[in-house]
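Asker: Input file: my_file.pdb. Contents: PDB, C-alpha atoms.
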```pdb
ATOM      1  CA  MET Q   3       0.000   0.000   0.000
ATOM      2  CA  SER Q   4       2.787   2.205   0.924
ATOM      3  CA  PHE Q   5       4.281   1.549  -2.627
ATOM      4  CA  VAL Q   6       1.014   2.349  -4.227
ATOM      5  CA  ASN Q   7       0.754   5.445  -2.243
ATOM      6  CA  VAL Q   8       4.279   6.391  -3.201
ATOM      7  CA  ALA Q   9       3.471   5.763  -6.858
ATOM      8  CA  GLU Q  10       0.326   7.795  -6.611
ATOM      9  CA  THR Q  11       2.170  10.566  -4.860
ATOM     10  CA  ASN Q  12       4.899  10.515  -7.594
ATOM     11  CA  GLN Q  13       2.537  10.724 -10.610
ATOM     12  CA  PRO Q  14       1.650  14.436 -10.420
ATOM     13  CA  PRO Q  15       5.304  15.586 -10.410
ATOM     14  CA  LEU Q  16       5.941  13.589 -13.654
ATOM     15  CA  ALA Q  17       3.060  15.283 -15.416
ATOM     16  CA  THR Q  18       4.273  18.670 -14.264
ATOM     17  CA  SER Q  19       7.798  17.979 -15.544
ATOM     18  CA  SER Q  20       6.433  16.969 -19.012
ATOM     19  CA  SER Q  21       4.293  20.100 -19.283
ATOM     20  CA  ILE Q  22       7.235  22.236 -18.237
ATOM     21  CA  SER Q  23       9.390  20.610 -20.919
ATOM     22  CA  THR Q  24       6.678  21.238 -23.528
ATOM     23  CA  LYS Q  25       6.361  24.861 -22.454
ATOM     24  CA  GLU Q  26      10.123  25.291 -22.652
ATOM     25  CA  ASP Q  27      10.185  23.792 -26.141
ATOM     26  CA  ALA Q  28       7.345  26.084 -27.171
ATOM     27  CA  THR Q  29       9.138  29.050 -25.670
ATOM     28  CA  ARG Q  30      12.367  28.163 -27.485
ATOM     29  CA  GLN Q  31      10.421  27.713 -30.712
ATOM     30  CA  GLN Q  32       8.715  31.078 -30.228
ATOM     31  CA  LYS Q  33      12.065  32.707 -29.538
ATOM     32  CA  ALA Q  34      13.531  31.064 -32.644
ATOM     33  CA  ASN Q  35      10.515  32.180 -34.699
ATOM     34  CA  ALA Q  36      10.778  35.693 -33.244
ATOM     35  CA  LYS Q  37      14.475  35.789 -34.032
ATOM     36  CA  ALA Q  38      13.868  34.470 -37.569
ATOM     37  CA  PHE Q  39      11.004  36.934 -38.070
ATOM     38  CA  THR Q  40      13.196  39.795 -36.853
ATOM     39  CA  GLN Q  41      15.996  38.654 -39.170
ATOM     40  CA  TYR Q  42      13.562  38.448 -42.118
ATOM     41  CA  GLU Q  43      12.217  41.884 -41.228
ATOM     42  CA  ARG Q  44      15.728  43.358 -41.158
ATOM     43  CA  GLU Q  45      16.654  41.722 -44.439
ATOM     44  CA  HIS Q  46      13.366  42.919 -45.914
ATOM     45  CA  SER Q  47      14.058  46.486 -44.778
ATOM     46  CA  ALA Q  48      17.645  46.326 -46.049
ATOM     47  CA  THR Q  49      16.400  45.027 -49.404
ATOM     48  CA  LEU Q  50      13.877  47.844 -49.715
ATOM     49  CA  VAL Q  51      16.595  50.355 -48.801
ATOM     50  CA  LYS Q  52      18.682  49.022 -51.700
ATOM     51  CA  VAL Q  53      15.690  49.365 -54.024
ATOM     52  CA  ARG Q  54      15.092  52.929 -52.820
ATOM     53  CA  ARG Q  55      18.741  53.764 -53.444
ATOM     54  CA  ILE Q  56      18.498  52.458 -56.988
ATOM     55  CA  ILE Q  57      15.350  54.501 -57.556
ATOM     56  CA  ALA Q  58      16.840  57.601 -55.890
ATOM     57  CA  ARG Q  59      19.733  57.761 -58.352
ATOM     58  CA  ASN Q  60      17.689  59.287 -61.179
ATOM     59  CA  GLY Q  61      14.174  59.157 -59.823
ATOM     60  CA  SER Q  62      13.540  55.714 -61.327
ATOM     61  CA  PRO Q  63      15.551  52.790 -62.723
ATOM     62  CA  SER Q  64      17.019  54.263 -65.893
ATOM     63  CA  SER Q  65      18.856  51.282 -67.363
ATOM     64  CA  ASP Q  66      18.366  47.600 -67.993
ATOM     65  CA  SER Q  67      20.931  46.629 -65.319
ATOM     66  CA  SER Q  68      19.436  48.859 -62.597
ATOM     67  CA  LEU Q  69      15.950  47.675 -63.534
ATOM     68  CA  TYR Q  70      17.066  44.048 -63.340
ATOM     69  CA  ASP Q  71      18.695  44.689 -59.955
ATOM     70  CA  ALA Q  72      15.570  46.418 -58.604
ATOM     71  CA  GLU Q  73      13.277  43.634 -59.806
ATOM     72  CA  SER Q  74      15.607  40.998 -58.336
ATOM     73  CA  LEU Q  75      15.627  42.793 -54.981
ATOM     74  CA  LEU Q  76      11.836  43.066 -55.024
ATOM     75  CA  SER Q  77      11.633  39.335 -55.697
ATOM     76  CA  GLU Q  78      13.843  38.777 -52.667
ATOM     77  CA  ALA Q  79      11.584  41.090 -50.646
ATOM     78  CA  ASP Q  80       8.529  39.088 -51.783
ATOM     79  CA  ALA Q  81      10.257  35.861 -50.707
ATOM     80  CA  LEU Q  82      11.044  37.381 -47.308
ATOM     81  CA  THR Q  83       7.434  38.565 -46.965
ATOM     82  CA  THR Q  84       6.211  35.061 -47.765
ATOM     83  CA  ALA Q  85       8.564  33.616 -45.121
ATOM     84  CA  MET Q  86       7.322  36.172 -42.600
ATOM     85  CA  ARG Q  87       3.740  35.241 -43.449
ATOM     86  CA  GLY Q  88       4.564  31.572 -42.918
ATOM     87  CA  LEU Q  89       6.042  32.287 -39.490
ATOM     88  CA  ALA Q  90       3.085  34.460 -38.518
ATOM     89  CA  ASP Q  91       0.568  31.830 -39.629
ATOM     90  CA  SER Q  92       2.367  28.874 -37.999
ATOM     91  CA  SER Q  93       3.196  30.600 -34.733
ATOM     92  CA  LYS Q  94       0.824  30.233 -31.774
ATOM     93  CA  SER Q  95       2.438  33.105 -29.931
ATOM     94  CA  PRO Q  96       0.248  35.975 -28.753
ATOM     95  CA  PHE Q  97       2.540  38.171 -30.855
ATOM     96  CA  ASN Q  98       1.495  36.553 -34.128
ATOM     97  CA  THR Q  99      -1.043  39.348 -34.661
ATOM     98  CA  ILE Q 100       1.753  41.896 -34.378
ATOM     99  CA  TRP Q 101       3.874  39.832 -36.761
ATOM    100  CA  LYS Q 102       1.055  39.699 -39.288
ATOM    101  CA  LYS Q 103       0.679  43.478 -39.091
ATOM    102  CA  LYS Q 104       4.413  43.874 -39.609
ATOM    103  CA  GLU Q 105       4.265  41.441 -42.518
ATOM    104  CA  GLU Q 106       1.367  43.371 -44.066
ATOM    105  CA  ARG Q 107       3.246  46.650 -43.539
ATOM    106  CA  CYS Q 108       6.324  45.218 -45.230
ATOM    107  CA  LYS Q 109       4.162  43.938 -48.067
ATOM    108  CA  ALA Q 110       2.494  47.355 -48.370
ATOM    109  CA  GLU Q 111       5.912  49.006 -48.646
ATOM    110  CA  VAL Q 112       6.684  46.895 -51.700
ATOM    111  CA  GLY Q 113       3.635  48.151 -53.647
ATOM    112  CA  PRO Q 114       4.772  51.767 -54.214
ATOM    113  CA  LEU Q 115       8.271  50.610 -55.089
ATOM    114  CA  ARG Q 116       6.908  48.145 -57.611
ATOM    115  CA  GLU Q 117       4.754  50.909 -59.117
ATOM    116  CA  GLU Q 118       7.836  53.132 -59.303
ATOM    117  CA  ILE Q 119       9.735  50.374 -61.056
ATOM    118  CA  THR Q 120       6.779  49.842 -63.399
ATOM    119  CA  ARG Q 121       6.862  53.555 -64.242
ATOM    120  CA  GLY Q 122      10.590  53.217 -64.802
ATOM    121  CA  VAL Q 123       9.949  50.305 -67.153
ATOM    122  CA  ARG Q 124       7.385  52.323 -69.067
ATOM    123  CA  LYS Q 125       9.695  55.329 -69.161
ATOM    124  CA  MET Q 126      12.573  53.191 -70.353
ATOM    125  CA  GLN Q 127      10.343  51.587 -72.987
ATOM    126  CA  GLU Q 128       9.216  55.048 -74.107
ATOM    127  CA  VAL Q 129      12.828  56.233 -74.255
ATOM    128  CA  SER Q 130      13.771  53.094 -76.173
ATOM    129  CA  ARG Q 131      10.854  53.627 -78.543
ATOM    130  CA  LYS Q 132      11.820  57.263 -79.109
ATOM    131  CA  ARG Q 133      15.450  56.245 -79.604
ATOM    132  CA  LYS Q 134      14.402  53.664 -82.163
ATOM    133  CA  GLU Q 135      12.221  56.262 -83.888
ATOM    134  CA  GLU Q 136      15.111  58.717 -83.907
ATOM    135  CA  GLU Q 137      17.441  56.040 -85.245
ATOM    136  CA  SER Q 138      14.839  55.113 -87.842
ATOM    137  CA  ASN Q 139      14.416  58.777 -88.794
ATOM    138  CA  ALA Q 140      18.176  59.204 -88.891
ATOM    139  CA  GLU Q 141      18.519  56.104 -91.077
ATOM    140  CA  TYR Q 142      15.724  57.385 -93.323
ATOM    141  CA  ALA Q 143      17.404  60.809 -93.501
ATOM    142  CA  MET Q 144      20.726  59.146 -94.276
ATOM    143  CA  SER Q 145      19.133  56.939 -96.913
ATOM    144  CA  SER Q 146      17.348  59.999 -98.348
ATOM    145  CA  SER Q 147      20.619  61.937 -98.350
ATOM    146  CA  ALA Q 148      22.413  58.994 -99.941
ATOM    147  CA  ARG Q 149      19.652  58.676-102.532
ATOM    148  CA  LEU Q 150      19.805  62.424-103.186
ATOM    149  CA  LEU Q 151      23.588  62.254-103.505
ATOM    150  CA  ASN Q 152      23.262  59.336-105.909
ATOM    151  CA  GLU Q 153      20.723  61.291-107.943
ATOM    152  CA  GLN Q 154      22.972  64.356-107.951
ATOM    153  CA  GLU Q 155      25.920  62.197-108.936
ATOM    154  CA  SER Q 156      23.852  60.704-111.751
ATOM    155  CA  LEU Q 157      22.845  64.210-112.866
ATOM    156  CA  LEU Q 158      26.483  65.303-112.706
ATOM    157  CA  LEU Q 159      27.580  62.322-114.767
ATOM    158  CA  GLU Q 160      24.777  63.025-117.235
ATOM    159  CA  SER Q 161      25.859  66.683-117.403
ATOM    160  CA  GLN Q 162      29.455  65.610-117.989
ATOM    161  CA  ARG Q 163      28.287  63.257-120.727
ATOM    162  CA  LEU Q 164      26.238  66.034-122.338
ATOM    163  CA  CYS Q 165      29.202  68.413-122.061
ATOM    164  CA  ALA Q 166      31.434  65.822-123.712
ATOM    165  CA  GLU Q 167      28.872  65.295-126.471
ATOM    166  CA  SER Q 168      28.481  69.063-126.870
ATOM    167  CA  GLU Q 169      32.249  69.469-127.060
ATOM    168  CA  GLU Q 170      32.453  66.695-129.614
ATOM    169  CA  PHE Q 171      29.581  68.206-131.589
ATOM    170  CA  GLY Q 172      31.234  71.641-131.344
ATOM    171  CA  ALA Q 173      34.514  70.212-132.618
ATOM    172  CA  SER Q 174      32.648  68.501-135.468
ATOM    173  CA  THR Q 175      30.825  71.753-136.244
ATOM    174  CA  LEU Q 176      34.102  73.668-136.256
ATOM    175  CA  GLY Q 177      35.554  71.096-138.637
ATOM    176  CA  THR Q 178      32.516  71.386-140.889
ATOM    177  CA  MET Q 179      32.689  75.168-140.751
ATOM    178  CA  GLY Q 180      36.393  75.012-141.653
ATOM    179  CA  ILE Q 181      35.591  72.835-144.658
ATOM    180  CA  GLN Q 182      32.751  75.165-145.633
ATOM    181  CA  ARG Q 183      35.078  78.182-145.226
ATOM    182  CA  GLU Q 184      37.576  76.545-147.555
ATOM    183  CA  GLN Q 185      34.750  75.769-149.982
ATOM    184  CA  ILE Q 186      33.518  79.367-149.771
ATOM    185  CA  GLN Q 187      37.050  80.669-150.283
ATOM    186  CA  GLY Q 188      37.385  78.362-153.314
ATOM    187  CA  ALA Q 189      34.032  79.507-154.666
ATOM    188  CA  SER Q 190      35.026  83.128-154.101
ATOM    189  CA  THR Q 191      38.252  82.553-155.979
ATOM    190  CA  ARG Q 192      36.394  80.890-158.810
ATOM    191  CA  LEU Q 193      33.866  83.729-158.755
ATOM    192  CA  HIS Q 194      36.658  86.288-159.110
ATOM    193  CA  GLU Q 195      38.125  84.225-161.931
ATOM    194  CA  THR Q 196      34.703  84.043-163.566
ATOM    195  CA  ILE Q 197      34.259  87.811-163.220
ATOM    196  CA  SER Q 198      37.707  88.372-164.697
ATOM    197  CA  MET Q 199      36.952  86.044-167.576
ATOM    198  CA  THR Q 200      33.592  87.733-168.081
ATOM    199  CA  GLU Q 201      35.321  91.136-168.185
ATOM    200  CA  GLN Q 202      37.815  89.828-170.725
ATOM    201  CA  ALA Q 203      34.996  88.346-172.806
ATOM    202  CA  ARG Q 204      33.154  91.670-172.622
ATOM    203  CA  LEU Q 205      36.238  93.494-173.879
ATOM    204  CA  ILE Q 206      36.699  90.947-176.631
ATOM    205  CA  ILE Q 207      33.071  91.270-177.639
ATOM    206  CA  ARG Q 208      33.371  95.069-177.700
ATOM    207  CA  SER Q 209      36.473  94.799-179.839
ATOM    208  CA  MET Q 210      34.713  92.393-182.183
ATOM    209  CA  ILE Q 211      31.713  94.724-182.360
ATOM    210  CA  ARG Q 212      33.974  97.656-183.233
ATOM    211  CA  LYS Q 213      35.735  95.579-185.880
ATOM    212  CA  ALA Q 214      32.373  94.462-187.288
ATOM    213  CA  ILE Q 215      31.211  98.076-187.502
ATOM    214  CA  VAL Q 216      34.425  99.109-189.192
ATOM    215  CA  ASN Q 217      34.138  96.183-191.574
ATOM    216  CA  LYS Q 218      30.561  97.187-192.355
ATOM    217  CA  ILE Q 219      31.594 100.763-193.007
ATOM    218  CA  VAL Q 220      34.414  99.624-195.239
ATOM    219  CA  LEU Q 221      32.095  97.228-197.001
ATOM    220  CA  TYR Q 222      29.502  99.942-197.508
ATOM    221  CA  PHE Q 223      32.200 102.302-198.796
ATOM    222  CA  VAL Q 224      33.492  99.672-201.204
ATOM    223  CA  ILE Q 225      29.970  98.936-202.385
ATOM    224  CA  GLY Q 226      29.292 102.658-202.882
ATOM    225  CA  LEU Q 227      32.588 103.094-204.661
ATOM    226  CA  LEU Q 228      31.821 100.129-206.906
ATOM    227  CA  ILE Q 229      28.398 101.572-207.682
ATOM    228  CA  VAL Q 230      29.959 104.923-208.565
ATOM    229  CA  LEU Q 231      32.593 103.259-210.700
ATOM    230  CA  ASN Q 232      29.955 101.102-212.385
ATOM    231  CA  GLY Q 233      27.857 104.163-213.087
ATOM    232  CA  LEU Q 234      30.873 106.017-214.582
ATOM    233  CA  ALA Q 235      31.686 102.948-216.610
ATOM    234  CA  LEU Q 236      28.159 102.724-217.945
ATOM    235  CA  LYS Q 237      28.116 106.394-218.679
ATOM    236  CA  HIS Q 238      31.356 106.142-220.618
ATOM    237  CA  ILE Q 239      30.007 103.215-222.575
ATOM    238  CA  PHE Q 240      26.767 104.937-223.474
ATOM    239  CA  SER Q 241      28.529 108.149-224.309
ATOM    240  CA  LYS Q 242      30.506 106.461-227.224
TER     241      LYS Q 242
END
```
How does the structure come out when it is put into structure tokens?

Answerer:
Amino acid sequence: MSFVNVAETNQPPLATSSSISTKEDATRQQKANAKAFTQYEREHSATLVKVRRIIARNGSPSSDSSLYDAESLLSEADALTTAMRGLADSSKSPFNTIWKKKEERCKAEVGPLREEITRGVRKMQEVSRKRKEEESNAEYAMSSSARLLNEQESLLLESQRLCAESEEFGASTLGTMGIQREQIQGASTRLHETISMTEQARLIIRSMIRKAIVNKIVLYFVIGLLIVLNGLALKHIFSK
């Protein structure tokens, strides 16, 4: 009986020791969770500080590398927020409500930064689009200038060809004019010769006309003389 009584008297202390051990384990777990949550919160804050620094450089991420870094940091912040949510949901501590509020506050801090990064993305896309348009316009202007230069070069070559043809035609014309000048000079010489011959013929004709007139006068004189002589001869004959 005394053994039973001893056993009965020893049972409550065993139960108390087990509950104390469970409470200690729970306390250690809560401390570990609190420490992990605090570490996540610090890392989350440090990550957001890095994102804010990237944004503060020029007001928003202004390059592909800074944008990639900011998005990577936000992904890390999301992972830390998820871990904080897991600790807050799994913890049975009376502070889990406070942890959830902290987790929600951390999550709310990410929203404006993500919007800022989104604006940076849009701005960068707009800048890239404008740059492409400017490059396209510059390429079009260069192609137009090149086309205009090619056209001007073609016109210049055509002008040079026309000048060469004109020079060749002018040289041919000068040659023709030289030949014609020689022909005209020859014709002029022949014309002078013809005029000279005509003048000589005119003089010859005048001389022949004078001779013919003289011959006619002499002939008429001879005929008149013969008539007179014939009349005297007839008169002499009839007078016998």

Asker: Could you please determine the separation between atom CA of Q:Leu159 and atom CA of Q:Ser147 in Å, to one decimal place?

Answerer: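 We find that atom CA of Q:Leu159 and atom CA of Q:Ser147 lie 17.8 Å from each other.
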
Asker: Taking only C-alpha atoms into account, which of Q:Val112, Q:Leu150, Q:Ile206, Q:Leu164 comes nearest Q:Ala81?

Answerer: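 So, comparing all the options, the nearest one is Q:Val112.
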
Asker: From the list Q:Ala85, Q:Leu176, Q:Ala79, Q:Leu227, which residue is nearest Q:Ala38 when using only C-alpha atoms?

Answerer: Q:Ala85

Asker: Using Å and a single decimal, report how far atom CA of Q:Tyr70 sits from atom CA of Q:Arg116.

Answerer: 12.4 Å

Asker: Separation of atom CA of Q:Arg124 and atom CA of Q:Ala72, in Å?

Answerer: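 Distance between the two atoms: 14.5 Å.
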
Asker: When you count all atoms listed in the file, which of these residues is closest to Q:Glu111: Q:Glu170, Q:Glu184, Q:Glu136, Q:Asp80?

Answerer: Q:Asp80

Asker: Counting only C-alpha atoms, which residues sit no farther than 12 Å from the position (14.0, 54.3, -52.1) in the file's frame? I'd like them as a list of chain:residue names.

Answerer: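 Returned residue set, sorted by chain then number, is Q:Ser47, Q:Ala48, Q:Thr49, Q:Leu50, Q:Val51, Q:Lys52, Q:Val53, Q:Arg54, Q:Arg55, Q:Ile56, Q:Ile57, Q:Ala58, Q:Arg59, Q:Asn60, Q:Gly61, Q:Ser62, Q:Pro63, Q:Ala72, Q:Leu75, Q:Leu76, Q:Glu111, Q:Val112, Q:Pro114, Q:Leu115, Q:Arg116, Q:Glu118, Q:Ile119.
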